[in-house]
Structure formats: structure tokens, C-alpha cells
file upload.csv (CSV, C-alpha atoms)
chain,number,residue,atom,x,y,z
D,1,MET,CA,18.7,-22.5,-29.1
D,2,VAL,CA,19.7,-21.1,-25.8
D,3,LYS,CA,16.8,-21.1,-23.3
D,4,GLN,CA,15.8,-17.6,-22.4
D,5,ILE,CA,16.3,-17.0,-18.7
D,6,SER,CA,14.0,-14.4,-17.2
D,7,ALA,CA,14.5,-12.7,-13.9
D,8,GLN,CA,10.7,-12.0,-13.9
D,9,PRO,CA,8.9,-14.6,-12.0
D,10,ASP,CA,6.2,-16.3,-14.0
D,11,LEU,CA,3.2,-14.9,-12.1
D,12,ASP,CA,0.8,-16.0,-14.9
D,13,ARG,CA,1.6,-19.6,-14.3
D,14,ILE,CA,1.9,-19.3,-10.5
D,15,PHE,CA,-1.5,-17.7,-10.0
D,16,ALA,CA,-3.1,-20.0,-12.6
D,17,ALA,CA,-1.7,-23.0,-10.8
D,18,LEU,CA,-3.1,-21.7,-7.5
D,19,SER,CA,-6.6,-21.1,-9.0
D,20,ASP,CA,-7.6,-24.7,-8.7
D,21,PRO,CA,-8.9,-26.2,-5.4
D,22,THR,CA,-7.3,-29.7,-6.1
D,23,ARG,CA,-3.9,-28.1,-6.7
D,24,ARG,CA,-4.2,-26.0,-3.6
D,25,ALA,CA,-5.1,-29.2,-1.7
D,26,LEU,CA,-2.0,-30.9,-3.0
D,27,LEU,CA,0.2,-28.1,-1.9
D,28,GLN,CA,-1.4,-28.1,1.5
D,29,ARG,CA,-0.8,-31.9,1.9
D,30,LEU,CA,2.9,-31.4,0.9
D,31,ASP,CA,3.1,-28.5,3.4
D,32,ALA,CA,1.9,-30.9,6.1
D,33,GLU,CA,4.1,-33.8,4.9
D,34,ASP,CA,6.8,-32.8,2.5
D,35,GLY,CA,8.3,-35.5,0.2
D,36,LEU,CA,5.0,-37.6,-0.2
D,37,SER,CA,5.1,-39.8,-3.3
D,38,VAL,CA,2.7,-39.3,-6.2
D,39,SER,CA,0.7,-42.4,-5.2
D,40,GLU,CA,0.4,-41.2,-1.6
D,41,LEU,CA,-0.8,-37.9,-2.8
D,42,ALA,CA,-3.3,-39.5,-5.2
D,43,ARG,CA,-4.7,-42.1,-2.7
D,44,PRO,CA,-7.2,-39.9,-0.8
D,45,MET,CA,-8.2,-37.9,-3.9
D,46,ALA,CA,-11.6,-38.6,-5.6
D,47,MET,CA,-9.9,-38.8,-9.0
D,48,SER,CA,-7.8,-41.0,-11.1
D,49,LEU,CA,-4.0,-41.2,-10.8
D,50,PRO,CA,-3.5,-39.6,-14.3
D,51,ALA,CA,-5.8,-36.7,-13.3
D,52,VAL,CA,-3.7,-36.1,-10.2
D,53,MET,CA,-0.5,-36.3,-12.2
D,54,LYS,CA,-1.8,-33.7,-14.6
D,55,HIS,CA,-2.4,-31.3,-11.7
D,56,LEU,CA,1.2,-32.1,-10.4
D,57,ASP,CA,2.5,-31.2,-14.0
D,58,VAL,CA,0.8,-27.8,-13.7
D,59,LEU,CA,2.3,-27.3,-10.2
D,60,GLU,CA,5.7,-28.3,-11.4
D,61,GLY,CA,5.4,-26.1,-14.5
D,62,ALA,CA,4.8,-23.1,-12.2
D,63,GLY,CA,7.8,-24.2,-10.1
D,64,LEU,CA,5.6,-24.7,-7.0
D,65,ILE,CA,6.8,-28.3,-6.6
D,66,ALA,CA,9.7,-30.4,-7.7
D,67,ARG,CA,9.6,-34.2,-8.3
D,68,GLN,CA,12.4,-36.5,-7.6
D,69,LYS,CA,12.6,-40.1,-8.7
D,70,THR,CA,14.2,-42.6,-6.4
D,71,GLY,CA,13.9,-46.2,-7.8
D,72,ARG,CA,10.2,-46.6,-8.4
D,73,THR,CA,9.0,-43.8,-6.2
D,74,VAL,CA,8.5,-40.2,-7.2
D,75,ALA,CA,8.7,-37.9,-4.2
D,76,CYS,CA,7.2,-34.4,-4.4
D,77,ARG,CA,8.6,-31.5,-2.5
D,78,LEU,CA,7.3,-27.9,-2.2
D,79,THR,CA,9.6,-25.2,-3.6
D,80,ALA,CA,9.3,-21.9,-1.9
D,81,ALA,CA,10.4,-19.3,-4.4
D,82,PRO,CA,7.2,-19.0,-6.6
D,83,MET,CA,5.0,-18.6,-3.5
D,84,GLU,CA,7.3,-15.9,-2.3
D,85,ASP,CA,7.0,-14.2,-5.8
D,86,ALA,CA,3.2,-14.4,-5.5
D,87,MET,CA,3.2,-13.0,-1.9
D,88,GLY,CA,5.6,-10.3,-3.1
D,89,TRP,CA,3.3,-9.2,-5.8
D,90,LEU,CA,0.3,-9.1,-3.4
D,91,ALA,CA,2.3,-7.5,-0.6
D,92,ARG,CA,2.5,-4.1,-2.4
D,93,TYR,CA,-1.3,-3.9,-1.8
D,94,GLN,CA,-0.8,-4.3,1.9
D,95,ARG,CA,-0.2,-0.5,2.1
D,96,PHE,CA,-3.5,-0.1,0.4
D,97,TRP,CA,-5.4,-2.3,2.9
D,98,THR,CA,-3.6,-0.7,5.9
D,99,GLU,CA,-4.6,2.7,4.6
D,100,SER,CA,-8.2,1.5,4.2
D,101,LEU,CA,-8.2,0.2,7.7
D,102,ASP,CA,-6.7,3.4,9.0
D,103,ARG,CA,-9.4,5.4,7.3
D,104,LEU,CA,-12.1,3.0,8.7
D,105,ALA,CA,-10.6,3.4,12.2
D,106,ALA,CA,-10.5,7.2,11.9
D,107,ALA,CA,-14.2,7.2,10.7
D,108,VAL,CA,-15.2,5.0,13.6
D,109,GLU,CA,-13.4,7.3,16.1
D,110,ARG,CA,-15.2,10.3,14.6
D,111,MET,CA,-18.6,8.7,15.3
D,112,PRO,CA,-20.7,10.4,17.9
W,113,MET,CA,-34.2,-19.5,-4.6
W,114,VAL,CA,-32.1,-18.0,-1.8
W,115,LYS,CA,-28.5,-17.3,-3.0
W,116,GLN,CA,-26.0,-19.4,-1.0
W,117,ILE,CA,-23.7,-17.2,1.0
W,118,SER,CA,-20.3,-18.8,1.6
W,119,ALA,CA,-17.9,-17.6,4.3
W,120,GLN,CA,-15.2,-19.3,2.1
W,121,PRO,CA,-13.4,-16.7,0.0
W,122,ASP,CA,-13.6,-17.6,-3.7
W,123,LEU,CA,-9.8,-18.3,-4.1
W,124,ASP,CA,-10.4,-20.0,-7.5
W,125,ARG,CA,-11.7,-16.8,-9.0
W,126,ILE,CA,-9.3,-14.6,-7.2
W,127,PHE,CA,-6.2,-16.5,-8.3
W,128,ALA,CA,-7.6,-17.0,-11.8
W,129,ALA,CA,-8.2,-13.2,-12.1
W,130,LEU,CA,-4.6,-12.5,-10.9
W,131,SER,CA,-3.1,-15.0,-13.5
W,132,ASP,CA,-3.4,-12.5,-16.4
W,133,PRO,CA,-0.8,-9.7,-16.9
W,134,THR,CA,-3.4,-7.2,-18.2
W,135,ARG,CA,-5.5,-7.7,-15.2
W,136,ARG,CA,-2.5,-7.3,-12.8
W,137,ALA,CA,-1.6,-4.1,-14.7
W,138,LEU,CA,-5.1,-2.8,-14.3
W,139,LEU,CA,-4.9,-3.5,-10.5
W,140,GLN,CA,-1.5,-1.7,-10.4
W,141,ARG,CA,-2.9,1.4,-12.1
W,142,LEU,CA,-5.8,1.5,-9.7
W,143,ASP,CA,-3.4,1.1,-6.8
W,144,ALA,CA,-1.5,4.1,-8.0
W,145,GLU,CA,-4.6,6.1,-8.8
W,146,ASP,CA,-7.8,4.8,-7.3
W,147,GLY,CA,-11.1,5.7,-8.9
W,148,LEU,CA,-10.0,5.9,-12.5
W,149,SER,CA,-12.8,5.6,-15.1
W,150,VAL,CA,-13.0,2.7,-17.5
W,151,SER,CA,-12.0,4.9,-20.4
W,152,GLU,CA,-9.0,6.3,-18.5
W,153,LEU,CA,-7.9,2.7,-17.7
W,154,ALA,CA,-8.4,1.6,-21.3
W,155,ARG,CA,-6.5,4.6,-22.9
W,156,PRO,CA,-2.9,3.4,-22.5
W,157,MET,CA,-3.7,-0.2,-23.1
W,158,ALA,CA,-2.9,-1.8,-26.5
W,159,MET,CA,-6.4,-3.3,-26.8
W,160,SER,CA,-9.9,-2.4,-27.5
W,161,LEU,CA,-12.3,-0.9,-24.9
W,162,PRO,CA,-14.5,-4.0,-25.0
W,163,ALA,CA,-11.4,-6.2,-24.4
W,164,VAL,CA,-10.5,-4.1,-21.3
W,165,MET,CA,-14.1,-4.2,-20.1
W,166,LYS,CA,-14.0,-8.0,-20.2
W,167,HIS,CA,-10.9,-8.0,-18.0
W,168,LEU,CA,-12.7,-5.6,-15.6
W,169,ASP,CA,-15.6,-8.0,-15.6
W,170,VAL,CA,-13.3,-10.8,-14.4
W,171,LEU,CA,-11.7,-8.6,-11.8
W,172,GLU,CA,-15.2,-7.5,-10.5
W,173,GLY,CA,-16.4,-11.2,-10.6
W,174,ALA,CA,-13.5,-12.0,-8.2
W,175,GLY,CA,-14.4,-9.1,-6.0
W,176,LEU,CA,-11.0,-7.4,-6.7
W,177,ILE,CA,-12.6,-4.1,-8.0
W,178,ALA,CA,-15.9,-2.4,-7.7
W,179,ARG,CA,-17.4,-0.2,-10.4
W,180,GLN,CA,-19.6,2.8,-9.6
W,181,LYS,CA,-21.5,4.7,-12.2
W,182,THR,CA,-21.8,8.5,-11.8
W,183,GLY,CA,-23.6,10.1,-14.8
W,184,ARG,CA,-21.8,8.8,-17.8
W,185,THR,CA,-18.6,7.9,-16.0
W,186,VAL,CA,-17.9,4.5,-14.5
W,187,ALA,CA,-15.2,4.8,-11.7
W,188,CYS,CA,-13.2,1.7,-10.7
W,189,ARG,CA,-12.0,1.2,-7.2
W,190,LEU,CA,-9.8,-1.6,-5.7
W,191,THR,CA,-11.5,-3.7,-3.0
W,192,ALA,CA,-9.1,-5.1,-0.5
W,193,ALA,CA,-10.7,-8.2,0.9
W,194,PRO,CA,-10.0,-10.7,-1.9
W,195,MET,CA,-6.3,-9.7,-2.0
W,196,GLU,CA,-6.2,-10.3,1.8
W,197,ASP,CA,-7.8,-13.7,1.3
W,198,ALA,CA,-5.1,-14.6,-1.3
W,199,MET,CA,-2.4,-13.3,1.0
W,200,GLY,CA,-3.9,-15.2,3.9
W,201,TRP,CA,-3.8,-18.5,1.9
W,202,LEU,CA,-0.2,-17.9,0.8
W,203,ALA,CA,0.9,-16.7,4.3
W,204,ARG,CA,0.6,-20.2,5.8
W,205,TYR,CA,3.6,-21.2,3.7
W,206,GLN,CA,5.7,-18.4,5.1
W,207,ARG,CA,6.5,-20.8,8.0
W,208,PHE,CA,7.7,-23.3,5.3
W,209,TRP,CA,10.0,-20.7,3.6
W,210,THR,CA,11.3,-19.5,6.9
W,211,GLU,CA,12.2,-23.1,7.9
W,212,SER,CA,13.8,-23.6,4.4
W,213,LEU,CA,15.9,-20.5,5.0
W,214,ASP,CA,16.8,-21.6,8.5
W,215,ARG,CA,17.9,-25.0,7.2
W,216,LEU,CA,19.9,-23.3,4.4
W,217,ALA,CA,21.6,-20.9,6.9
W,218,ALA,CA,22.5,-23.8,9.2
W,219,ALA,CA,23.9,-25.8,6.2
W,220,VAL,CA,26.0,-22.8,5.2
W,221,GLU,CA,27.3,-22.4,8.8
W,222,ARG,CA,28.3,-26.1,8.9
W,223,MET,CA,30.5,-25.6,5.7
W,224,PRO,CA,34.2,-25.9,6.3

call {"tool": "encode", "arguments": {"input": "upload.csv", "output": "C-alpha cells"}}
result
Amino acid sequence: MVKQISAQPDLDRIFAALSDPTRRALLQRLDAEDGLSVSELARPMAMSLPAVMKHLDVLEGAGLIARQKTGRTVACRLTAAPMEDAMGWLARYQRFWTESLDRLAAAVERMP
Amino acid sequence: MVKQISAQPDLDRIFAALSDPTRRALLQRLDAEDGLSVSELARPMAMSLPAVMKHLDVLEGAGLIARQKTGRTVACRLTAAPMEDAMGWLARYQRFWTESLDRLAAAVERMP
């Protein structure tokens, strides 16, 4: 069976992956130091290595990280596209916030 | 007991609320037409009114919408702050994408 390729980013999986504080912390660590190994990522966490690996599976499933094995080490790297997809979805509401702020500013200006 | 007030936006609930296509569709409809009633929101959806209301509960729990009752009608409005919190969290990675794009552009320029 040919795997279906969708141009639609998988926002369900991206936002679900971002909804967990441990997964956001893992992304933040990789942002600070890209290419950390799984064991380096797991070391400061207050959870077991298998638990951390499950979180990494979810991040990889959403396309937020990629894992690369070199010998015995598995390096994790951030992949930008899904974050951009999530930002892109949220960005359409920026107009809405800007309008809200404009209305607020106008209301403040009308104050006696 | 005094309710604990946290300055930290509830990113877990915000991202979890955004991880469902029905809830994103509800937000998009409110973005196009703010102040729609619950029944107006439910009408074109292929699900029961109670199912739509459960999704609205999740959106309200994440602070993404506010409901206001006037007589028999409940109007739903978008509330901007949680979207801004989510954008703010993602925006820190913009530096990372920009750097990735810069590296890509430099690599392309070095091509023979």
C-alpha cells in the first residue's frame, strides 16, 4: 500500500505533542543545545529513561524532532517545519489581537 | 482555600485544546464571525449539540473563548491572551528556523 502523503500539516499531533510540559522542556533543551543524545536529555529529568523515550517518540511522531543513530549514540535534533505550521495556524489570529489592541487603545484615548 | 493565581499561562490546556480539528474549526468560525451563539456554532457541525458543547467547555477551560448568556442565547467570543501565550512560546524557536534557513541559503550558495 502506498503511504498517503498529505500537504496538510498534522496540527492535531503537533499541538498534542506541545501540550505536555516534559515535551516542551525537551524541545527547549534541544533549542539550547541541538544534537543532545537521548541519555543526555534524560539525565536531568525526574523520570526513567523509558519514560523520556516515550515522550521523544511523541515528539518524533509529530515531526518536531528527528533522531539519528551514530554507533551507540542517538542524537536528537529539532526540526523546524511543524513549529512553523503551528505558528502559521496561530498567526491568522494576530489580526484579531491587533484589532483588539487597536480597539482598546482607541477606548483609552476617548477616556476623559 | 484561596485559589492559587499563576502568572504562568496554562500552555498544557491551551495546546491540548488546539490539538482537536473540531475545536480549531470552532475557533476559526468565531474568528470569522465573533459572538456566534452555541446553536449557530453547532448547526453546520456533523455532531450533536452536547458534543459541540463539550468542545466549547474545553476551549473555555483553556481560556480561548468566553461565553456570555443574554436571555436564552449564549454568545461565544474569542479571547486573545491564550493564543498570544501559545505564539509567544513558539516564537522563541523562530530564531532557530531563521538560523536553519540561513544555513540552508549559505549551503546553496556554496554549491558549484

call {"tool": "closest_residue", "arguments": {"input": "upload.csv", "among": "D:Ala62, D:Leu18, D:Leu41, D:Met53", "to": "chain W", "atoms": "all atoms listed in the file"}}
result
D:Leu18

call {"tool": "interface_residues", "arguments": {"input": "upload.csv", "of": "chain W", "to": "chain D", "cutoff": "7 Å", "atoms": "only C-alpha atoms", "output": "NGL selection string"}}
result
:W and (123-125 or 127-128 or 130-133 or 192 or 195 or 199 or 202 or 209)

call {"tool": "atom_distance", "arguments": {"input": "upload.csv", "atom1": "atom CA of W:Arg189", "atom2": "atom CA of W:Pro162"}}
result
18.7 Å

call {"tool": "atom_distance", "arguments": {"input": "upload.csv", "atom1": "atom CA of D:Gly35", "atom2": "atom CA of D:Cys76"}}
result
4.9 Å

call {"tool": "residues_near_point", "arguments": {"input": "upload.csv", "point": "(-13.3, 7.2, -13.8)", "cutoff": "7 Å", "atoms": "all atoms listed in the file", "output": "CSV table (one decimal) with C-alpha atoms, keeping the file's coordinate frame"}}
result
chain,number,residue,atom,x,y,z
W,147,GLY,CA,-11.1,5.7,-8.9
W,148,LEU,CA,-10.0,5.9,-12.5
W,149,SER,CA,-12.8,5.6,-15.1
W,150,VAL,CA,-13.0,2.7,-17.5
W,152,GLU,CA,-9.0,6.3,-18.5
W,185,THR,CA,-18.6,7.9,-16.0
W,186,VAL,CA,-17.9,4.5,-14.5
W,187,ALA,CA,-15.2,4.8,-11.7
W,188,CYS,CA,-13.2,1.7,-10.7

call {"tool": "atom_distance", "arguments": {"input": "upload.csv", "atom1": "atom CA of D:Met45", "atom2": "atom CA of W:Pro194"}}
result
27.3 Å
